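Trainee: Pasting target27.txt below, which is compact mmCIF, N, CA and C atoms.
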```txt
# COMPACT_ATOMS: atom_id res chain seq x y z
N MET O 553 215.34 -93.84 120.73
CA MET O 553 215.55 -94.84 119.69
C MET O 553 216.99 -94.80 119.21
N THR O 554 217.44 -95.93 118.78
CA THR O 554 218.80 -96.01 118.24
C THR O 554 218.80 -95.60 116.78
N ASP O 555 220.00 -95.28 116.28
CA ASP O 555 220.12 -94.93 114.86
C ASP O 555 219.64 -96.06 113.97
N THR O 556 219.95 -97.29 114.37
CA THR O 556 219.52 -98.45 113.58
C THR O 556 218.01 -98.53 113.53
N ARG O 557 217.38 -98.34 114.67
CA ARG O 557 215.91 -98.39 114.72
C ARG O 557 215.32 -97.23 113.90
N ASP O 558 215.88 -96.05 114.03
CA ASP O 558 215.41 -94.90 113.25
C ASP O 558 215.56 -95.16 111.75
N ALA O 559 216.68 -95.74 111.37
CA ALA O 559 216.91 -96.05 109.95
C ALA O 559 215.91 -97.09 109.45
N ARG O 560 215.61 -98.08 110.26
CA ARG O 560 214.64 -99.11 109.87
C ARG O 560 213.25 -98.50 109.72
N ILE O 561 212.88 -97.63 110.64
CA ILE O 561 211.57 -96.98 110.56
C ILE O 561 211.50 -96.10 109.32
N SER O 562 212.55 -95.35 109.07
CA SER O 562 212.60 -94.50 107.87
C SER O 562 212.47 -95.34 106.60
N ALA O 563 213.15 -96.47 106.55
CA ALA O 563 213.08 -97.36 105.39
C ALA O 563 211.67 -97.93 105.23
N MET O 564 211.03 -98.29 106.34
CA MET O 564 209.66 -98.80 106.28
C MET O 564 208.72 -97.74 105.72
N LEU O 565 208.88 -96.50 106.17
CA LEU O 565 208.04 -95.41 105.68
C LEU O 565 208.28 -95.15 104.20
N ASP O 566 209.53 -95.22 103.77
CA ASP O 566 209.83 -95.05 102.35
C ASP O 566 209.17 -96.15 101.52
N ARG O 567 209.28 -97.39 101.95
CA ARG O 567 208.66 -98.49 101.21
C ARG O 567 207.14 -98.33 101.16
N GLU O 568 206.55 -97.90 102.26
CA GLU O 568 205.10 -97.71 102.27
C GLU O 568 204.69 -96.56 101.34
N ASP O 569 205.46 -95.48 101.32
CA ASP O 569 205.17 -94.38 100.40
C ASP O 569 205.24 -94.85 98.95
N ILE O 570 206.20 -95.71 98.64
CA ILE O 570 206.34 -96.22 97.28
C ILE O 570 205.17 -97.14 96.94
N ARG O 571 204.78 -98.01 97.84
CA ARG O 571 203.62 -98.87 97.59
C ARG O 571 202.36 -98.04 97.37
N THR O 572 202.19 -97.00 98.17
CA THR O 572 201.04 -96.11 98.02
C THR O 572 201.06 -95.42 96.67
N LEU O 573 202.24 -95.09 96.18
CA LEU O 573 202.39 -94.46 94.87
C LEU O 573 201.83 -95.36 93.77
N ARG O 574 202.16 -96.63 93.80
CA ARG O 574 201.67 -97.57 92.78
C ARG O 574 200.15 -97.72 92.88
N LEU O 575 199.62 -97.72 94.10
CA LEU O 575 198.16 -97.79 94.27
C LEU O 575 197.50 -96.53 93.73
N LEU O 576 198.12 -95.38 93.96
CA LEU O 576 197.58 -94.12 93.44
C LEU O 576 197.53 -94.16 91.92
N TYR O 577 198.57 -94.69 91.30
CA TYR O 577 198.57 -94.82 89.83
C TYR O 577 197.34 -95.59 89.36
N SER O 578 197.06 -96.72 89.98
CA SER O 578 195.90 -97.52 89.58
C SER O 578 194.60 -96.76 89.79
N ALA O 579 194.49 -96.06 90.90
CA ALA O 579 193.27 -95.29 91.18
C ALA O 579 193.08 -94.17 90.16
N LEU O 580 194.16 -93.45 89.85
CA LEU O 580 194.06 -92.38 88.86
C LEU O 580 193.75 -92.94 87.48
N LEU O 581 194.38 -94.04 87.14
CA LEU O 581 194.15 -94.69 85.85
C LEU O 581 192.69 -95.09 85.70
N ASP O 582 192.15 -95.74 86.71
CA ASP O 582 190.78 -96.25 86.63
C ASP O 582 189.72 -95.15 86.73
N SER O 583 190.09 -93.99 87.23
CA SER O 583 189.09 -92.92 87.42
C SER O 583 189.23 -91.78 86.42
N ASN O 584 189.96 -92.01 85.34
CA ASN O 584 190.09 -91.01 84.28
C ASN O 584 190.73 -89.72 84.79
N ALA O 585 191.80 -89.86 85.54
CA ALA O 585 192.50 -88.70 86.11
C ALA O 585 193.93 -88.61 85.58
N ALA O 586 194.08 -88.75 84.27
CA ALA O 586 195.41 -88.71 83.65
C ALA O 586 196.14 -87.40 83.92
N ASP O 587 195.40 -86.32 84.10
CA ASP O 587 196.03 -85.02 84.32
C ASP O 587 196.71 -84.91 85.68
N ARG O 588 196.53 -85.90 86.54
CA ARG O 588 197.19 -85.90 87.85
C ARG O 588 198.41 -86.82 87.90
N MET O 589 198.86 -87.31 86.76
CA MET O 589 199.95 -88.28 86.74
C MET O 589 201.28 -87.71 87.23
N GLU O 590 201.41 -86.38 87.35
CA GLU O 590 202.64 -85.82 87.93
C GLU O 590 202.77 -86.19 89.40
N GLU O 591 201.67 -86.64 90.02
CA GLU O 591 201.73 -87.13 91.39
C GLU O 591 202.36 -88.51 91.47
N VAL O 592 202.54 -89.15 90.32
CA VAL O 592 203.03 -90.52 90.25
C VAL O 592 204.39 -90.63 89.56
N PHE O 593 204.57 -89.90 88.45
CA PHE O 593 205.74 -90.07 87.60
C PHE O 593 206.66 -88.85 87.63
N THR O 594 207.95 -89.11 87.34
CA THR O 594 208.91 -88.02 87.14
C THR O 594 208.65 -87.39 85.77
N GLU O 595 209.19 -86.20 85.56
CA GLU O 595 209.05 -85.51 84.27
C GLU O 595 209.61 -86.35 83.12
N ASP O 596 210.67 -87.10 83.39
CA ASP O 596 211.33 -87.89 82.34
C ASP O 596 210.99 -89.37 82.40
N ALA O 597 209.88 -89.71 83.04
CA ALA O 597 209.50 -91.11 83.22
C ALA O 597 209.34 -91.83 81.88
N GLU O 598 209.59 -93.13 81.93
CA GLU O 598 209.38 -94.00 80.78
C GLU O 598 208.50 -95.15 81.23
N VAL O 599 207.38 -95.35 80.53
CA VAL O 599 206.39 -96.36 80.89
C VAL O 599 206.16 -97.25 79.69
N THR O 600 206.35 -98.56 79.88
CA THR O 600 206.11 -99.54 78.82
C THR O 600 204.95 -100.43 79.24
N VAL O 601 203.89 -100.44 78.43
CA VAL O 601 202.71 -101.26 78.68
C VAL O 601 202.35 -101.99 77.39
N THR O 602 201.18 -102.60 77.35
CA THR O 602 200.80 -103.45 76.22
C THR O 602 200.76 -102.71 74.89
N VAL O 603 200.48 -101.42 74.91
CA VAL O 603 200.34 -100.67 73.65
C VAL O 603 201.62 -99.96 73.23
N GLY O 604 202.69 -100.09 74.01
CA GLY O 604 203.96 -99.47 73.63
C GLY O 604 204.60 -98.72 74.78
N THR O 605 205.58 -97.89 74.43
CA THR O 605 206.35 -97.14 75.42
C THR O 605 206.02 -95.66 75.33
N MET O 606 205.78 -95.06 76.48
CA MET O 606 205.53 -93.63 76.60
C MET O 606 206.74 -93.01 77.29
N LYS O 607 207.25 -91.92 76.74
CA LYS O 607 208.44 -91.27 77.30
C LYS O 607 208.10 -89.84 77.69
N GLY O 608 208.27 -89.54 78.96
CA GLY O 608 208.02 -88.20 79.46
C GLY O 608 206.60 -88.04 79.97
N LEU O 609 206.44 -87.19 80.95
CA LEU O 609 205.15 -86.99 81.61
C LEU O 609 204.08 -86.51 80.64
N ASP O 610 204.41 -85.60 79.74
CA ASP O 610 203.41 -85.10 78.79
C ASP O 610 202.87 -86.21 77.90
N GLU O 611 203.76 -87.08 77.41
CA GLU O 611 203.31 -88.18 76.56
C GLU O 611 202.49 -89.19 77.35
N ILE O 612 202.87 -89.45 78.59
CA ILE O 612 202.11 -90.37 79.44
C ILE O 612 200.69 -89.84 79.61
N LYS O 613 200.55 -88.57 79.96
CA LYS O 613 199.22 -87.98 80.15
C LYS O 613 198.40 -88.04 78.85
N ARG O 614 199.02 -87.64 77.75
CA ARG O 614 198.32 -87.61 76.46
C ARG O 614 197.88 -89.02 76.06
N SER O 615 198.76 -89.99 76.20
CA SER O 615 198.43 -91.37 75.82
C SER O 615 197.31 -91.93 76.67
N LEU O 616 197.32 -91.64 77.96
CA LEU O 616 196.26 -92.14 78.83
C LEU O 616 194.93 -91.45 78.53
N ARG O 617 194.95 -90.16 78.25
CA ARG O 617 193.71 -89.47 77.86
C ARG O 617 193.15 -90.07 76.58
N ASP O 618 194.01 -90.35 75.61
CA ASP O 618 193.57 -90.97 74.36
C ASP O 618 192.99 -92.36 74.61
N ALA O 619 193.60 -93.10 75.51
CA ALA O 619 193.11 -94.45 75.82
C ALA O 619 191.70 -94.39 76.42
N TYR O 620 191.44 -93.40 77.26
CA TYR O 620 190.09 -93.26 77.82
C TYR O 620 189.07 -93.10 76.71
N GLN O 621 189.38 -92.26 75.73
CA GLN O 621 188.44 -92.05 74.63
C GLN O 621 188.22 -93.33 73.84
N THR O 622 189.25 -94.14 73.71
CA THR O 622 189.14 -95.39 72.97
C THR O 622 188.33 -96.43 73.73
N PHE O 623 188.60 -96.59 75.02
CA PHE O 623 188.01 -97.69 75.78
C PHE O 623 186.73 -97.34 76.53
N ASP O 624 186.45 -96.08 76.78
CA ASP O 624 185.24 -95.70 77.51
C ASP O 624 184.06 -95.63 76.55
N THR O 625 183.70 -96.78 75.99
CA THR O 625 182.65 -96.84 74.97
C THR O 625 181.26 -96.55 75.54
N ARG O 626 181.08 -96.72 76.83
CA ARG O 626 179.78 -96.43 77.46
C ARG O 626 179.72 -95.01 78.00
N HIS O 627 180.79 -94.24 77.80
CA HIS O 627 180.87 -92.85 78.28
C HIS O 627 180.61 -92.76 79.78
N ALA O 628 181.24 -93.68 80.51
CA ALA O 628 181.08 -93.74 81.96
C ALA O 628 182.05 -92.81 82.68
N GLY O 629 183.04 -92.27 81.97
CA GLY O 629 184.00 -91.37 82.59
C GLY O 629 185.17 -92.09 83.24
N HIS O 630 185.29 -93.39 82.97
CA HIS O 630 186.41 -94.17 83.51
C HIS O 630 186.65 -95.37 82.61
N PHE O 631 187.82 -95.95 82.76
CA PHE O 631 188.14 -97.16 82.02
C PHE O 631 187.16 -98.27 82.41
N PRO O 632 186.83 -99.17 81.48
CA PRO O 632 186.03 -100.33 81.84
C PRO O 632 186.91 -101.45 82.40
N PHE O 633 187.88 -101.05 83.22
CA PHE O 633 188.83 -101.99 83.81
C PHE O 633 189.04 -101.62 85.27
N ILE O 634 189.50 -102.60 86.04
CA ILE O 634 189.98 -102.36 87.39
C ILE O 634 191.40 -102.91 87.45
N HIS O 635 192.35 -102.04 87.76
CA HIS O 635 193.76 -102.43 87.84
C HIS O 635 194.10 -102.69 89.31
N ALA O 636 194.05 -103.95 89.71
CA ALA O 636 194.36 -104.34 91.09
C ALA O 636 195.84 -104.69 91.20
N ILE O 637 196.47 -104.23 92.27
CA ILE O 637 197.90 -104.43 92.51
C ILE O 637 198.08 -105.37 93.70
N ALA O 638 199.03 -106.30 93.59
CA ALA O 638 199.28 -107.25 94.68
C ALA O 638 200.77 -107.60 94.74
N ASN O 639 201.17 -108.15 95.88
CA ASN O 639 202.53 -108.68 96.09
C ASN O 639 203.60 -107.65 95.74
N HIS O 640 203.46 -106.47 96.26
CA HIS O 640 204.38 -105.38 95.93
C HIS O 640 205.65 -105.51 96.76
N GLU O 641 206.76 -105.72 96.08
CA GLU O 641 208.07 -105.79 96.72
C GLU O 641 208.84 -104.52 96.40
N VAL O 642 209.51 -103.95 97.40
CA VAL O 642 210.29 -102.74 97.21
C VAL O 642 211.66 -102.94 97.86
N THR O 643 212.71 -102.62 97.12
CA THR O 643 214.07 -102.64 97.64
C THR O 643 214.65 -101.24 97.51
N LEU O 644 215.04 -100.66 98.62
CA LEU O 644 215.69 -99.36 98.60
C LEU O 644 217.13 -99.57 98.13
N THR O 645 217.53 -98.88 97.07
CA THR O 645 218.86 -99.07 96.50
C THR O 645 219.80 -97.92 96.83
N GLY O 646 219.28 -96.88 97.43
CA GLY O 646 220.05 -95.71 97.83
C GLY O 646 219.15 -94.81 98.65
N PRO O 647 219.65 -93.68 99.12
CA PRO O 647 218.81 -92.80 99.94
C PRO O 647 217.62 -92.23 99.18
N ASP O 648 217.73 -92.13 97.85
CA ASP O 648 216.65 -91.54 97.05
C ASP O 648 216.30 -92.38 95.83
N THR O 649 216.63 -93.68 95.87
CA THR O 649 216.33 -94.57 94.75
C THR O 649 215.83 -95.90 95.28
N ALA O 650 215.01 -96.56 94.46
CA ALA O 650 214.47 -97.87 94.83
C ALA O 650 214.06 -98.61 93.57
N LYS O 651 213.96 -99.92 93.71
CA LYS O 651 213.43 -100.79 92.66
C LYS O 651 212.29 -101.58 93.27
N GLY O 652 211.35 -101.97 92.43
CA GLY O 652 210.24 -102.75 92.96
C GLY O 652 209.52 -103.50 91.87
N SER O 653 208.68 -104.40 92.30
CA SER O 653 207.83 -105.13 91.38
C SER O 653 206.51 -105.42 92.08
N CYS O 654 205.49 -105.62 91.27
CA CYS O 654 204.18 -105.99 91.81
C CYS O 654 203.38 -106.66 90.71
N TYR O 655 202.40 -107.42 91.13
CA TYR O 655 201.51 -108.07 90.17
C TYR O 655 200.38 -107.13 89.79
N LEU O 656 199.93 -107.23 88.55
CA LEU O 656 198.75 -106.53 88.07
C LEU O 656 197.69 -107.56 87.74
N LEU O 657 196.53 -107.42 88.34
CA LEU O 657 195.35 -108.21 88.00
C LEU O 657 194.40 -107.23 87.34
N ASP O 658 194.25 -107.34 86.04
CA ASP O 658 193.48 -106.37 85.26
C ASP O 658 192.13 -106.99 84.90
N PHE O 659 191.09 -106.52 85.57
CA PHE O 659 189.73 -107.01 85.37
C PHE O 659 188.99 -106.14 84.36
N VAL O 660 188.15 -106.76 83.55
CA VAL O 660 187.27 -106.03 82.64
C VAL O 660 185.91 -105.92 83.31
N THR O 661 185.35 -104.71 83.35
CA THR O 661 184.10 -104.49 84.08
C THR O 661 182.89 -104.33 83.19
N ASP O 662 183.07 -104.35 81.87
CA ASP O 662 181.90 -104.16 81.01
C ASP O 662 181.59 -105.38 80.14
N ARG O 663 182.09 -106.56 80.53
CA ARG O 663 181.77 -107.78 79.80
C ARG O 663 180.50 -108.40 80.39
N PRO O 664 179.77 -109.15 79.57
CA PRO O 664 178.63 -109.89 80.12
C PRO O 664 179.09 -110.86 81.21
N GLY O 665 178.23 -111.12 82.17
CA GLY O 665 178.58 -111.91 83.34
C GLY O 665 179.16 -113.28 83.06
N ALA O 666 178.77 -113.91 81.97
CA ALA O 666 179.25 -115.26 81.68
C ALA O 666 180.68 -115.28 81.13
N GLN O 667 181.19 -114.14 80.72
CA GLN O 667 182.53 -114.10 80.16
C GLN O 667 183.58 -113.96 81.26
N HIS O 668 184.79 -114.42 80.94
CA HIS O 668 185.91 -114.34 81.87
C HIS O 668 186.19 -112.88 82.22
N PRO O 669 186.35 -112.55 83.51
CA PRO O 669 186.54 -111.15 83.89
C PRO O 669 187.96 -110.62 83.72
N PHE O 670 188.94 -111.49 83.48
CA PHE O 670 190.32 -111.01 83.38
C PHE O 670 190.64 -110.52 81.97
N LEU O 671 191.28 -109.37 81.91
CA LEU O 671 191.87 -108.90 80.67
C LEU O 671 193.28 -109.45 80.56
N LEU O 672 194.03 -109.32 81.68
CA LEU O 672 195.39 -109.85 81.70
C LEU O 672 195.89 -109.95 83.13
N LEU O 673 196.92 -110.75 83.29
CA LEU O 673 197.69 -110.83 84.53
C LEU O 673 199.11 -110.44 84.16
N GLY O 674 199.69 -109.57 84.95
CA GLY O 674 201.02 -109.10 84.60
C GLY O 674 201.86 -108.78 85.82
N ARG O 675 203.06 -108.37 85.53
CA ARG O 675 204.00 -107.98 86.59
C ARG O 675 204.68 -106.68 86.17
N TYR O 676 204.57 -105.67 87.01
CA TYR O 676 205.27 -104.41 86.80
C TYR O 676 206.66 -104.51 87.41
N GLU O 677 207.65 -104.02 86.68
CA GLU O 677 209.01 -103.82 87.20
C GLU O 677 209.23 -102.31 87.18
N ASN O 678 209.60 -101.74 88.33
CA ASN O 678 209.65 -100.29 88.46
C ASN O 678 210.96 -99.80 89.05
N ASP O 679 211.36 -98.62 88.59
CA ASP O 679 212.44 -97.86 89.23
C ASP O 679 211.80 -96.62 89.83
N TYR O 680 212.15 -96.34 91.07
CA TYR O 680 211.60 -95.21 91.80
C TYR O 680 212.72 -94.25 92.17
N VAL O 681 212.37 -92.97 92.25
CA VAL O 681 213.33 -91.96 92.66
C VAL O 681 212.60 -90.92 93.52
N ARG O 682 213.32 -90.40 94.50
CA ARG O 682 212.73 -89.35 95.34
C ARG O 682 213.09 -88.00 94.71
N VAL O 683 212.06 -87.20 94.45
CA VAL O 683 212.22 -85.88 93.83
C VAL O 683 211.61 -84.85 94.78
N SER O 684 212.41 -83.90 95.23
CA SER O 684 211.94 -82.85 96.15
C SER O 684 211.21 -83.46 97.35
N GLY O 685 211.76 -84.56 97.86
CA GLY O 685 211.22 -85.19 99.05
C GLY O 685 210.06 -86.14 98.81
N GLU O 686 209.61 -86.30 97.57
CA GLU O 686 208.47 -87.17 97.24
C GLU O 686 208.92 -88.28 96.30
N TRP O 687 208.45 -89.51 96.56
CA TRP O 687 208.77 -90.63 95.68
C TRP O 687 207.97 -90.55 94.40
N ARG O 688 208.60 -90.91 93.28
CA ARG O 688 207.95 -90.96 91.98
C ARG O 688 208.47 -92.17 91.21
N ILE O 689 207.67 -92.63 90.26
CA ILE O 689 208.08 -93.70 89.35
C ILE O 689 208.88 -93.07 88.21
N GLN O 690 210.09 -93.58 88.00
CA GLN O 690 210.92 -93.08 86.91
C GLN O 690 210.86 -94.00 85.69
N ARG O 691 210.67 -95.29 85.95
CA ARG O 691 210.58 -96.27 84.86
C ARG O 691 209.64 -97.37 85.30
N SER O 692 208.74 -97.78 84.40
CA SER O 692 207.82 -98.86 84.70
C SER O 692 207.64 -99.70 83.45
N VAL O 693 207.82 -101.01 83.60
CA VAL O 693 207.68 -101.94 82.49
C VAL O 693 206.69 -103.02 82.90
N LEU O 694 205.65 -103.21 82.09
CA LEU O 694 204.66 -104.25 82.34
C LEU O 694 205.01 -105.48 81.51
N ASP O 695 205.18 -106.60 82.19
CA ASP O 695 205.40 -107.90 81.55
C ASP O 695 204.09 -108.67 81.67
N VAL O 696 203.44 -108.93 80.54
CA VAL O 696 202.16 -109.66 80.55
C VAL O 696 202.46 -111.15 80.72
N LEU O 697 201.93 -111.73 81.80
CA LEU O 697 202.14 -113.14 82.09
C LEU O 697 201.02 -114.02 81.54
N TRP O 698 199.83 -113.45 81.44
CA TRP O 698 198.66 -114.14 80.87
C TRP O 698 197.73 -113.11 80.28
N PRO O 699 197.18 -113.32 79.12
CA PRO O 699 197.35 -114.48 78.25
C PRO O 699 198.67 -114.42 77.48
N GLN O 700 199.07 -115.55 77.01
CA GLN O 700 200.33 -115.65 76.26
C GLN O 700 200.02 -115.79 74.77
N ASP O 701 199.49 -114.76 74.16
CA ASP O 701 199.24 -114.85 72.70
C ASP O 701 199.78 -113.68 71.95
```
For this file, write the structure as structure tokens.

Mentor:
Amino acid sequence: MTDTRDARISAMLDREDIRTLRLLYSALLDSNAADRMEEVFTEDAEVTVTVGTMKGLDEIKRSLRDAYQTFDTRHAGHFPFIHAIANHEVTLTGPDTAKGSCYLLDFVTDRPGAQHPFLLLGRYENDYVRVSGEWRIQRSVLDVLWPQD
């Protein structure tokens, strides 16, 4: 293989690792696994979502654990939501940095059948960094596109 081909393959693998990272975040979030968020975020990560900004891995874990207690009203052991990710774009900005965005389709799973299943539609804007050979999210901002209230 040529250096160009090797570089393209390496870039493809990096982008796929980053996409998998965002999917892992959704899976951990939906399954009440906040204590595993170090697999997703850097120690100094900053995450902005509908309820505010969390700074640092410890605060992210604590805030997500608190959210489970608030929203898991049926004591099912998971959020009553499904965080589906789509249209994930990743741009490598350096050998160990990247930027990306993806859509969030946030479904509510404990509403009566006749009610609308969407909680919100949004777009994540993310900064990624490679730490000790593994990609992590360093900054994530959720822009809620719907509803607009």

Trainee: In Å, with one decimal, what is the gap from atom C of O:Pro699 to atom N of O:Gly674?

Mentor: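 Between these atoms lies a distance of 9.0 Å.
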
Trainee: Distance atom CA of O:Gln700-atom CA of O:Asp662, one decimal place?

Mentor: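 Between atom CA of O:Gln700 and atom CA of O:Asp662 the gap works out to 22.2 Å.
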
Trainee: If we count only C-alpha atoms, what is near stretch 637-650 of chain O at a cut-off of 8 Å, once residues fewer than 5 positions away on the same chain are taken out, given as a PDB file with N, CA and C atoms, keeping the file's coordinate frame?

Mentor:
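Writing done, so here's part_14.pdb:
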```pdb
ATOM      1  N   ALA O 563     213.150 -96.470 106.550  1.00  0.00           N
ATOM      2  CA  ALA O 563     213.080 -97.360 105.390  1.00  0.00           C
ATOM      3  C   ALA O 563     211.670 -97.930 105.230  1.00  0.00           C
ATOM      4  N   ARG O 567     209.280 -97.390 101.950  1.00  0.00           N
ATOM      5  CA  ARG O 567     208.660 -98.490 101.210  1.00  0.00           C
ATOM      6  C   ARG O 567     207.140 -98.330 101.160  1.00  0.00           C
ATOM      7  N   ILE O 570     206.200 -95.710  98.640  1.00  0.00           N
ATOM      8  CA  ILE O 570     206.340 -96.220  97.280  1.00  0.00           C
ATOM      9  C   ILE O 570     205.170 -97.140  96.940  1.00  0.00           C
ATOM     10  N   ARG O 571     204.780 -98.010  97.840  1.00  0.00           N
ATOM     11  CA  ARG O 571     203.620 -98.870  97.590  1.00  0.00           C
ATOM     12  C   ARG O 571     202.360 -98.040  97.370  1.00  0.00           C
ATOM     13  N   ARG O 574     202.160 -96.630  93.800  1.00  0.00           N
ATOM     14  CA  ARG O 574     201.670 -97.570  92.780  1.00  0.00           C
ATOM     15  C   ARG O 574     200.150 -97.720  92.880  1.00  0.00           C
ATOM     16  N   LEU O 575     199.620 -97.720  94.100  1.00  0.00           N
ATOM     17  CA  LEU O 575     198.160 -97.790  94.270  1.00  0.00           C
ATOM     18  C   LEU O 575     197.500 -96.530  93.730  1.00  0.00           C
ATOM     19  N   SER O 578     197.060 -96.720  89.980  1.00  0.00           N
ATOM     20  CA  SER O 578     195.900 -97.520  89.580  1.00  0.00           C
ATOM     21  C   SER O 578     194.600 -96.760  89.790  1.00  0.00           C
ATOM     22  N   TYR O 655     202.400-107.420  91.130  1.00  0.00           N
ATOM     23  CA  TYR O 655     201.510-108.070  90.170  1.00  0.00           C
ATOM     24  C   TYR O 655     200.380-107.130  89.790  1.00  0.00           C
ATOM     25  N   LEU O 656     199.930-107.230  88.550  1.00  0.00           N
ATOM     26  CA  LEU O 656     198.750-106.530  88.070  1.00  0.00           C
ATOM     27  C   LEU O 656     197.690-107.560  87.740  1.00  0.00           C
ATOM     28  N   LEU O 657     196.530-107.420  88.340  1.00  0.00           N
ATOM     29  CA  LEU O 657     195.350-108.210  88.000  1.00  0.00           C
ATOM     30  C   LEU O 657     194.400-107.230  87.340  1.00  0.00           C
ATOM     31  N   ASP O 679     211.360 -98.620  88.590  1.00  0.00           N
ATOM     32  CA  ASP O 679     212.440 -97.860  89.230  1.00  0.00           C
ATOM     33  C   ASP O 679     211.800 -96.620  89.830  1.00  0.00           C
ATOM     34  N   TYR O 680     212.150 -96.340  91.070  1.00  0.00           N
ATOM     35  CA  TYR O 680     211.600 -95.210  91.800  1.00  0.00           C
ATOM     36  C   TYR O 680     212.720 -94.250  92.170  1.00  0.00           C
ATOM     37  N   VAL O 681     212.370 -92.970  92.250  1.00  0.00           N
ATOM     38  CA  VAL O 681     213.330 -91.960  92.660  1.00  0.00           C
ATOM     39  C   VAL O 681     212.600 -90.920  93.520  1.00  0.00           C
ATOM     40  N   ARG O 682     213.320 -90.400  94.500  1.00  0.00           N
ATOM     41  CA  ARG O 682     212.730 -89.350  95.340  1.00  0.00           C
ATOM     42  C   ARG O 682     213.090 -88.000  94.710  1.00  0.00           C
ATOM     43  N   VAL O 683     212.060 -87.200  94.450  1.00  0.00           N
ATOM     44  CA  VAL O 683     212.220 -85.880  93.830  1.00  0.00           C
ATOM     45  C   VAL O 683     211.610 -84.850  94.780  1.00  0.00           C
TER      46      VAL O 683
END
```

Trainee: Identify, with DSSP run on backbone atoms, the residues in chain O assigned to alpha helix (DSSP H), and express the list as a PyMOL selection string.

Mentor: chain O and resi 555-582+609-623

Trainee: With distances taken over all atoms listed in the file, which residue among O:Ala579, O:Ile689, O:Val592, O:Ala586 lies nearest O:His635?

Mentor: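 Counting all atoms listed in the file, the residue closest to O:His635 is O:Ala579.
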
Trainee: What's the separation between atom N of O:Lys607 and atom C of O:Glu677, in Å to one decimal place?

Mentor: 14.9 Å

Trainee: Report as a list in words all protein, DNA and RNA residues lying within 8 Å of O:Tyr620, evaluated on only C-alpha atoms, omitting residues in the same chain fewer than 5 positions from it.

Mentor: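 Using only C-alpha atoms, the neighbours found are Asn584, Gly629, His630 and Phe631 of chain O.
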
Trainee: For O:Ile634, which residue among O:Leu697, O:Pro664, O:Leu580, O:Thr572 is the nearest when counting only C-alpha atoms?

Mentor: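 Of O:Leu697, O:Pro664, O:Leu580, O:Thr572, the one nearest O:Ile634, counting only C-alpha atoms, is O:Leu580.
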
Trainee: As a ChimeraX atom specification, list the residues of stretch 564-684 of chain O assigned to strand (DSSP E) by DSSP on the backbone atoms of this structure.

Mentor: /O:593-601,604-607,633-646,649-660,670-683
